[in-house]
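Below: input.cif (mmCIF, C-alpha atoms)
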data_my_file
loop_
_atom_site.label_atom_id
_atom_site.label_comp_id
_atom_site.auth_asym_id
_atom_site.auth_seq_id
_atom_site.Cartn_x
_atom_site.Cartn_y
_atom_site.Cartn_z
CA MET A 23 -6.88 6.79 -14.05
CA THR A 24 -7.95 6.27 -10.42
CA PRO A 25 -5.79 5.41 -7.39
CA ARG A 26 -7.52 2.02 -7.20
CA GLU A 27 -6.39 1.16 -10.73
CA ILE A 28 -2.83 2.03 -9.80
CA ILE A 29 -3.01 -0.07 -6.62
CA ARG A 30 -4.22 -3.03 -8.72
CA LYS A 31 -1.41 -2.59 -11.24
CA VAL A 32 1.19 -2.27 -8.50
CA ARG A 33 0.00 -5.45 -6.78
CA MET A 34 -0.08 -7.28 -10.10
CA SER A 35 3.51 -6.39 -11.02
CA PRO A 36 6.14 -9.15 -10.75
CA GLU A 37 8.26 -6.99 -8.45
CA VAL A 38 5.50 -6.65 -5.87
CA ASN A 39 3.44 -9.79 -6.66
CA ASP A 40 0.88 -9.21 -3.94
CA ASN A 41 -2.61 -9.81 -5.25
CA ASN A 42 -3.34 -11.66 -1.99
CA GLU A 43 -2.64 -8.44 -0.11
CA ALA A 44 -0.29 -10.37 2.14
CA LYS A 45 2.76 -8.11 1.99
CA TYR A 46 1.46 -4.57 1.54
CA SER A 47 -1.68 -2.92 2.87
CA ASP A 48 -3.69 -0.48 0.74
CA TYR A 49 -2.71 2.22 3.24
CA GLN A 50 0.93 1.54 2.50
CA ILE A 51 0.48 1.73 -1.28
CA VAL A 52 -1.64 4.89 -1.08
CA ASP A 53 1.04 6.43 1.14
CA ALA A 54 3.67 5.55 -1.47
CA LEU A 55 1.38 6.91 -4.20
CA ASN A 56 1.03 10.20 -2.29
CA SER A 57 4.80 10.49 -1.96
CA VAL A 58 5.21 9.80 -5.66
CA LEU A 59 2.51 12.25 -6.77
CA ASN A 60 3.97 14.89 -4.50
CA MET A 61 7.41 14.45 -6.06
CA VAL A 62 5.98 14.40 -9.59
CA TYR A 63 4.01 17.50 -8.73
CA ASN A 64 7.02 19.40 -7.45
CA GLU A 65 9.05 18.30 -10.42
CA LEU A 66 6.36 19.52 -12.83
CA GLY A 67 6.49 22.86 -11.04
CA THR A 68 10.17 23.33 -11.91
CA PHE A 69 9.55 23.89 -15.59
CA SER A 70 6.94 25.47 -17.73
CA ASN A 71 4.01 23.27 -18.64
CA GLU A 72 0.27 23.39 -18.28
CA LEU A 73 -0.42 19.83 -17.30
CA LEU A 74 -1.98 20.65 -13.94
CA THR A 75 -3.06 24.25 -14.58
CA LYS A 76 -6.52 25.11 -13.28
CA THR A 77 -8.77 28.07 -13.95
CA GLU A 78 -10.99 29.86 -11.50
CA THR A 79 -12.89 33.12 -11.66
CA VAL A 80 -13.03 35.30 -8.55
CA ASN A 81 -15.33 38.24 -7.90
CA LEU A 82 -13.66 41.24 -6.35
CA TRP A 83 -15.37 43.29 -3.67
CA HIS A 84 -13.96 46.78 -3.12
CA GLY A 85 -10.96 45.84 -5.20
CA GLU A 86 -10.01 42.66 -3.40
CA ALA A 87 -10.82 38.95 -3.37
CA GLU A 88 -9.66 35.73 -1.72
CA LEU A 89 -7.44 33.56 -3.86
CA PRO A 90 -8.39 29.92 -4.43
CA GLU A 91 -7.31 27.81 -1.43
CA ASP A 92 -5.19 25.40 -3.45
CA LEU A 93 -3.30 28.12 -5.34
CA LEU A 94 0.42 27.47 -5.53
CA GLN A 95 1.54 29.67 -8.40
CA ILE A 96 -0.30 32.15 -10.62
CA VAL A 97 0.15 31.53 -14.33
CA GLU A 98 -2.00 34.31 -15.74
CA VAL A 99 -4.68 36.75 -14.63
CA TYR A 100 -7.18 38.22 -17.08
CA ARG A 101 -10.63 39.66 -17.51
CA GLY A 102 -12.22 38.75 -20.78
CA ASP A 103 -9.57 39.39 -23.41
CA THR A 104 -7.54 41.74 -21.28
CA VAL A 105 -4.51 40.24 -19.59
CA TYR A 106 -3.72 41.89 -16.28
CA ILE A 107 -0.12 42.37 -15.35
CA PRO A 108 1.31 41.91 -11.87
CA GLN A 109 2.29 45.00 -10.00
CA THR A 110 5.11 44.49 -7.63
CA LYS A 111 5.18 47.73 -5.69
CA GLY A 112 2.67 48.77 -3.08
CA LYS A 113 -0.88 47.67 -2.44
CA ALA A 114 -2.50 50.38 -4.54
CA VAL A 115 -3.01 49.10 -8.04
CA SER A 116 -3.06 50.92 -11.32
CA PRO A 117 -5.58 50.05 -14.03
CA TYR A 118 -5.13 46.62 -15.63
CA THR A 119 -2.77 45.41 -12.97
CA TYR A 120 -3.18 43.16 -9.99
CA ASN A 121 -1.29 42.53 -6.82
CA VAL A 122 -1.16 39.66 -4.39
CA TYR A 123 -0.67 40.02 -0.65
CA GLY A 124 -1.01 36.90 1.46
CA ASN A 125 -3.98 35.04 0.12
CA THR A 126 -5.71 38.13 -1.31
CA ILE A 127 -5.63 39.53 -4.80
CA TYR A 128 -6.04 43.29 -5.32
CA SER A 129 -7.16 44.86 -8.57
CA ASP A 130 -9.55 47.45 -9.96
CA ALA A 131 -11.50 44.87 -11.95
CA ASP A 132 -14.86 43.59 -10.70
CA LYS A 133 -13.96 40.00 -11.53
CA LEU A 134 -10.82 38.21 -12.63
CA THR A 135 -10.10 34.86 -14.16
CA ILE A 136 -7.00 33.24 -12.74
CA ASP A 137 -5.02 30.45 -14.39
CA TYR A 138 -2.94 28.84 -11.67
CA ARG A 139 -1.02 25.79 -10.63
CA PRO A 140 -2.72 24.19 -7.65
CA SER A 141 -0.82 22.85 -4.66
CA PHE A 142 -0.61 19.13 -4.05
CA GLU A 143 -3.37 17.51 -2.05
CA GLU A 144 -2.97 14.02 -0.63
CA ILE A 145 -5.31 11.25 -1.70
CA GLY A 146 -7.43 9.93 1.17
CA MET A 147 -8.54 6.32 1.57
CA ASP A 148 -12.10 7.39 0.69
CA GLU A 149 -10.98 8.90 -2.63
CA LEU A 150 -9.60 5.78 -4.27
CA ASP A 151 -12.15 5.95 -7.09
CA ASP A 152 -11.65 9.64 -7.90
CA ASP A 153 -9.84 10.40 -11.13
CA LEU A 154 -6.33 11.78 -10.82
CA ALA A 155 -5.47 14.99 -12.60
CA TYR A 156 -2.86 13.28 -14.75
CA PRO A 157 -3.28 12.11 -18.32
CA ASN A 158 -3.55 8.35 -18.84
CA TYR A 159 -0.08 7.98 -20.30
CA PHE A 160 1.28 8.76 -16.84
CA LYS A 161 -0.21 5.54 -15.49
CA GLU A 162 2.72 3.24 -16.21
CA PHE A 163 5.18 5.87 -15.05
CA ILE A 164 3.37 6.43 -11.75
CA LYS A 165 3.00 2.67 -11.24
CA LYS A 166 6.74 2.19 -11.67
CA LEU A 167 7.52 5.01 -9.26
CA VAL A 168 5.14 3.58 -6.63
CA ILE A 169 6.88 0.20 -6.91
CA MET A 170 10.27 1.90 -6.54
CA CYS A 171 8.95 3.80 -3.53
CA LEU A 172 7.67 0.58 -1.88
CA LYS A 173 11.03 -1.08 -2.46
CA GLY A 174 12.91 1.97 -1.11
CA ALA A 175 14.57 2.67 -4.47
CA LEU A 176 12.98 6.03 -5.15
CA GLU A 177 15.20 7.82 -2.66
CA MET A 178 18.29 6.59 -4.49
CA PRO A 179 19.93 8.98 -6.99
CA GLU A 180 18.98 6.63 -9.87
CA GLY A 181 15.33 6.76 -8.80
CA LEU A 182 15.23 10.53 -8.75
CA ALA A 183 17.06 10.76 -12.06
CA TYR A 184 14.52 8.38 -13.61
CA LEU A 185 11.67 10.52 -12.25
CA GLN A 186 13.11 13.77 -13.53
CA SER A 187 14.08 12.59 -16.99
CA THR A 188 10.83 10.68 -17.59
CA ILE A 189 8.64 13.62 -16.61
CA ARG A 190 10.49 15.80 -19.07
CA SER A 191 10.23 13.30 -21.89
CA LEU A 192 6.55 12.64 -21.14
CA THR A 193 5.65 16.31 -21.14
CA ALA A 194 8.05 17.58 -23.80
CA ASN A 195 6.34 19.34 -26.69
CA ARG A 196 2.99 18.67 -25.10
CA SER A 197 1.96 22.24 -25.71
CA PHE A 198 3.51 25.29 -27.25
CA ASN A 199 4.51 28.16 -25.04
CA ARG A 200 2.12 30.93 -24.22
CA LEU A 201 3.76 33.67 -26.31
CA GLU A 202 1.51 34.75 -29.10
CA ILE A 203 3.09 35.19 -32.48
CA GLY A 204 3.11 38.92 -33.06
CA GLY A 205 2.90 38.92 -36.85
CA THR A 206 5.53 38.81 -39.56
CA TRP A 207 8.60 41.03 -39.67
CA SER A 208 7.24 43.09 -42.54
CA GLU A 209 4.07 43.85 -40.53
CA LEU A 210 6.11 44.82 -37.52
CA LEU A 211 8.38 47.08 -39.49
CA MET B 73 -7.57 -34.95 7.13
CA LYS B 74 -9.18 -36.10 10.37
CA ILE B 75 -7.29 -35.57 13.61
CA LYS B 76 -7.62 -39.28 14.27
CA THR B 77 -5.90 -40.12 10.97
CA ALA B 78 -3.09 -37.72 11.86
CA ILE B 79 -2.64 -39.40 15.25
CA ASP B 80 -2.56 -42.83 13.57
CA GLN B 81 0.12 -41.63 11.16
CA PHE B 82 2.06 -40.08 14.02
CA ARG B 83 2.10 -43.42 15.83
CA LEU B 84 2.92 -45.29 12.62
CA ILE B 85 6.02 -43.17 12.01
CA LEU B 86 7.12 -43.66 15.62
CA HIS B 87 6.45 -47.43 15.47
CA ASP B 88 4.01 -47.07 18.31
CA LEU B 89 1.60 -49.63 16.98
CA TYR B 90 0.59 -52.38 19.30
CA GLY B 91 -2.33 -51.22 21.33
CA ASN B 92 -0.40 -50.48 24.47
CA TYR B 93 0.49 -47.05 23.21
CA GLU B 94 3.51 -45.20 24.48
CA TYR B 95 1.93 -41.98 23.22
CA ASP B 96 -1.66 -41.60 24.34
CA ASN B 97 -4.07 -39.30 22.50
CA TYR B 98 -3.32 -36.40 24.82
CA HIS B 99 0.40 -36.72 24.18
CA CYS B 100 -0.13 -36.96 20.41
CA LEU B 101 -2.37 -33.88 20.41
CA MET B 102 0.13 -31.92 22.44
CA ARG B 103 2.86 -32.62 19.87
CA LEU B 104 0.55 -32.04 16.91
CA ASN B 105 -0.62 -28.71 18.37
CA SER B 106 2.97 -27.54 18.83
CA ALA B 107 3.73 -28.64 15.28
CA VAL B 108 0.70 -26.71 13.97
CA GLN B 109 1.93 -23.52 15.65
CA LEU B 110 5.40 -23.99 14.16
CA THR B 111 3.91 -24.64 10.74
CA CYS B 112 1.78 -21.49 11.02
CA ASN B 113 4.91 -19.48 11.70
CA LEU B 114 6.54 -20.91 8.59
CA LEU B 115 3.44 -20.14 6.51
CA VAL B 116 3.50 -16.56 7.79
CA GLN B 117 7.12 -16.27 6.76
CA ILE B 118 6.27 -17.14 3.15
CA GLY B 119 3.16 -14.90 3.18
CA SER B 120 0.74 -17.75 2.64
CA PRO B 121 -2.92 -16.68 2.33
CA LEU B 122 -3.86 -19.81 4.34
CA VAL B 123 -2.99 -17.97 7.55
CA ILE B 124 -4.53 -14.60 6.61
CA GLN B 125 -7.81 -13.30 7.95
CA GLU B 126 -9.70 -10.07 7.35
CA GLU B 127 -11.93 -8.31 9.82
CA GLU B 128 -13.36 -4.90 10.54
CA PHE B 129 -12.12 -3.47 13.83
CA GLU B 130 -13.31 -0.52 15.86
CA ASN B 131 -10.99 2.13 17.19
CA GLY B 132 -9.85 1.02 20.64
CA GLY B 133 -11.18 -2.50 20.07
CA LYS B 134 -9.60 -5.82 20.99
CA LEU B 135 -7.56 -7.90 18.60
CA PRO B 136 -8.30 -11.62 18.43
CA GLY B 137 -6.18 -13.94 20.57
CA ASN B 138 -4.58 -15.64 17.60
CA PHE B 139 -3.48 -12.35 15.96
CA LEU B 140 0.16 -12.43 14.89
CA LYS B 141 0.77 -9.33 12.78
CA THR B 142 -0.86 -7.20 10.11
CA CYS B 143 -0.30 -7.87 6.41
CA GLY B 144 1.83 -4.85 5.59
CA ILE B 145 1.76 -1.56 7.46
CA TYR B 146 -1.51 -0.06 8.71
CA PRO B 147 -1.91 3.30 10.44
CA ILE B 148 -2.56 1.63 13.79
CA ARG B 149 -0.99 1.55 17.21
CA ARG B 150 -1.16 -1.64 19.22
CA THR B 151 -1.00 -1.63 22.98
CA GLY B 152 -1.18 -5.15 24.35
CA ASN B 153 -4.25 -6.57 22.72
CA THR B 154 -6.01 -3.31 21.89
CA VAL B 155 -5.72 -1.39 18.67
CA GLU B 156 -6.01 2.35 18.03
CA PHE B 157 -6.26 3.98 14.63
CA LEU B 158 -3.85 6.79 13.88
CA ASP B 159 -5.73 8.22 10.89
CA GLY B 160 -8.75 9.31 12.90
CA SER B 161 -11.16 6.76 11.47
CA ASP B 162 -13.65 4.87 13.64
CA LYS B 163 -13.52 1.60 11.78
CA MET B 164 -10.87 -0.12 9.74
CA VAL B 165 -10.74 -3.33 7.77
CA ILE B 166 -7.45 -5.03 8.62
CA ARG B 167 -5.88 -8.07 7.02
CA TYR B 168 -3.72 -9.96 9.46
CA TYR B 169 -1.80 -13.16 10.00
CA VAL B 170 -3.10 -15.66 12.52
CA THR B 171 -2.09 -18.96 14.02
CA MET B 172 -4.58 -21.81 13.83
CA PRO B 173 -6.67 -22.66 16.90
CA LYS B 174 -5.51 -25.56 19.04
CA MET B 175 -7.08 -28.97 18.56
CA GLU B 176 -8.89 -30.16 21.67
CA LYS B 177 -9.13 -33.68 23.06
CA ALA B 178 -12.87 -33.72 22.45
CA ASP B 179 -12.28 -33.25 18.70
CA VAL B 180 -10.05 -36.28 18.24
CA GLU B 181 -12.73 -38.62 16.86
CA ALA B 182 -14.65 -36.29 14.53
CA GLY B 183 -12.52 -33.16 14.22
CA ASP B 184 -10.43 -32.10 11.24
CA MET B 185 -6.82 -30.99 11.15
CA PRO B 186 -6.54 -27.19 10.84
CA PHE B 187 -5.20 -27.30 7.29
CA GLU B 188 -7.00 -28.70 4.30
CA HIS B 189 -3.84 -29.27 2.30
CA ASP B 190 -2.38 -32.72 2.96
CA THR B 191 1.17 -31.63 2.21
CA ILE B 192 0.94 -29.21 5.11
CA ASN B 193 -0.70 -31.78 7.37
CA ASP B 194 2.04 -34.24 6.50
CA PHE B 195 4.59 -31.64 7.45
CA VAL B 196 2.74 -31.05 10.73
CA ILE B 197 2.79 -34.78 11.56
CA ARG B 198 6.49 -35.12 10.79
CA THR B 199 7.30 -32.06 12.87
CA ALA B 200 5.25 -33.53 15.73
CA CYS B 201 7.22 -36.77 15.42
CA LYS B 202 10.49 -34.89 15.56
CA LEU B 203 9.35 -33.11 18.72
CA ALA B 204 8.28 -36.40 20.29
CA LEU B 205 11.52 -38.17 19.42
CA ASN B 206 13.56 -35.26 20.70
CA ARG B 207 11.70 -35.51 23.99
CA ASN B 208 12.64 -39.18 24.14
CA GLU B 209 16.27 -38.27 23.58
CA PHE B 210 16.62 -40.09 20.29
CA ASP B 211 19.09 -38.85 17.73
CA ILE B 212 16.86 -36.73 15.48
CA SER B 213 19.46 -35.35 13.11
CA GLN B 214 18.24 -37.49 10.22
CA ASP B 215 14.61 -36.61 10.94
CA GLN B 216 15.64 -32.96 10.98
CA ASN B 217 17.23 -33.33 7.55
CA ILE B 218 14.08 -34.85 6.11
CA LEU B 219 11.98 -32.11 7.69
CA ASN B 220 14.21 -29.41 6.28
CA GLU B 221 13.77 -30.85 2.82
CA LEU B 222 10.02 -31.04 3.25
CA GLN B 223 9.92 -27.52 4.56
CA SER B 224 11.93 -25.98 1.77
CA SER B 225 10.06 -27.81 -0.99
CA ALA B 226 6.68 -26.89 0.51
CA ALA B 227 7.77 -23.29 0.98
CA GLU B 228 8.98 -23.07 -2.58
CA ALA B 229 5.80 -24.57 -3.94
CA MET B 230 3.57 -22.20 -2.01
CA SER B 231 5.52 -18.99 -1.76
CA ASN B 232 4.21 -17.51 -4.99
CA GLY B 233 0.56 -18.12 -4.22
#

Using the file provided, produce a representation of the structure as structure tokens.
Amino acid sequence: MTPREIIRKVRMSPEVNDNNEAKYSDYQIVDALNSVLNMVYNELGTFSNELLTKTETVNLWHGEAELPEDLLQIVEVYRGDTVYIPQTKGKAVSPYTYNVYGNTIYSDADKLTIDYRPSFEEIGMDELDDDLAYPNYFKEFIKKLVIMCLKGALEMPEGLAYLQSTIRSLTANRSFNRLEIGGTWSELL
Amino acid sequence: MKIKTAIDQFRLILHDLYGNYEYDNYHCLMRLNSAVQLTCNLLVQIGSPLVIQEEEFENGGKLPGNFLKTCGIYPIRRTGNTVEFLDGSDKMVIRYYVTMPKMEKADVEAGDMPFEHDTINDFVIRTACKLALNRNEFDISQDQNILNELQSSAAEAMSNG
């Protein structure tokens, strides 16, 4: 799903009906698309899901490393099979923990793999053919939101309610939560 | 449609037929040109692609003389006839509405009317007639009614294109 495909679908829709590009410029539709993706993005951040989660490995030098530039929220930090836990007090870290100050991560590991939610980045006019980080079944949803945005309906309470409820229904049960099943009761006892 | 044919029709509607014309070619052209501008404005209102052009502009460049407005919103700032881009780019392809160029006296014999579609040309001629009759202080209320009908039916027929 590329921005150009969405622009085409938006222009083709009966509500917009603008294949001649007489009413809306591409700039206008991309601007609306950016607003929509930003809102979808923020909404996805309000509940637990891994739709946009990225992974990056950083090498630590003297116990510290720069975090990825687009990091919004850390989901998990690990090295190999060992999950590191966040340490909330002080810069000095104990073994198997990490700490974040500003845009730097501190830990005693030599390298760490970070699962994180990236921040939203606007689509430029030269990126219309780049794939979006959303699954294809979001296409119709995003198209509808862009149309609502162009018509000024997205700011209405109904528009926001539609956005919130649809995101939840689209992403519900998409993946199970991250808790590992710890064995049966008899094993535990 | 040739300009000459349009002038003939103009005179026919106004019963200006017998050689010793009340409306000479210059007069006819003046009315037809005004009518073309009015028609362009109506076509812009319904978003007709007939009055849309596309061109690549440079930052700080001049807009063409017949530029009316952009199709939709572009990140540009217009000052008089110059255009600056607000997104930092050097060049931008802009789609914009235009009015048709004026017909000159030299084009009367061989030149074409600005529109290819005869419905629109017919509308132009009738508008020109209305303007001419108004100038002569005739009662044009009936002509206005006919024009309104023509205008709304043409607009309806074309507005979805």

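When the distance limit is 7 Å and only C-alpha atoms are what count, the residues near segment 46-60 of chain A, minus those fewer than 5 positions from it on the same chain, are A:Ile29, A:Phe142, A:Glu144, A:Ile145, A:Leu167, A:Val168, A:Cys171, A:Leu172, B:Cys143, B:Gly144, B:Ile145, B:Tyr146.
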
Hey, what's within 12 Å of Ser120 of chain B if we count all atoms listed in the file and toss same-chain stuff fewer than 4 positions away? As a PyMOL selection string, please?
(chain A and resi 40-45) or (chain B and resi 111-116+124-125+143+168-171+192+226-233)

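When atom CA of Ile75 of chain B is paired with atom CA of Glu181 of chain B, their separation reads 7.0 Å.
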
Run through the PyMOL selection byres ((chain A and resi 118-125) around 10) on the given coordinates and return the selected residues as a ChimeraX atom specification.
/A:85-91,93,96,99-101,104-117,126-131,134

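Interatomic distance, atom CA of Thr24 of chain A against atom CA of Pro157 of chain A: 10.9 Å.
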
What do you get, as an NGL selection string, if you spell out every residue that the PyMOL selection byres ((chain B and resi 202) around 12) selects here?
:B and (82-83 or 85-86 or 100 or 103-104 or 106-107 or 195-201 or 203-220)

Find the residue from A:Asn81, A:Asn39, A:Ser141, A:Gln186 that sits nearest to chain B; use only C-alpha atoms when measuring.
A:Asn39
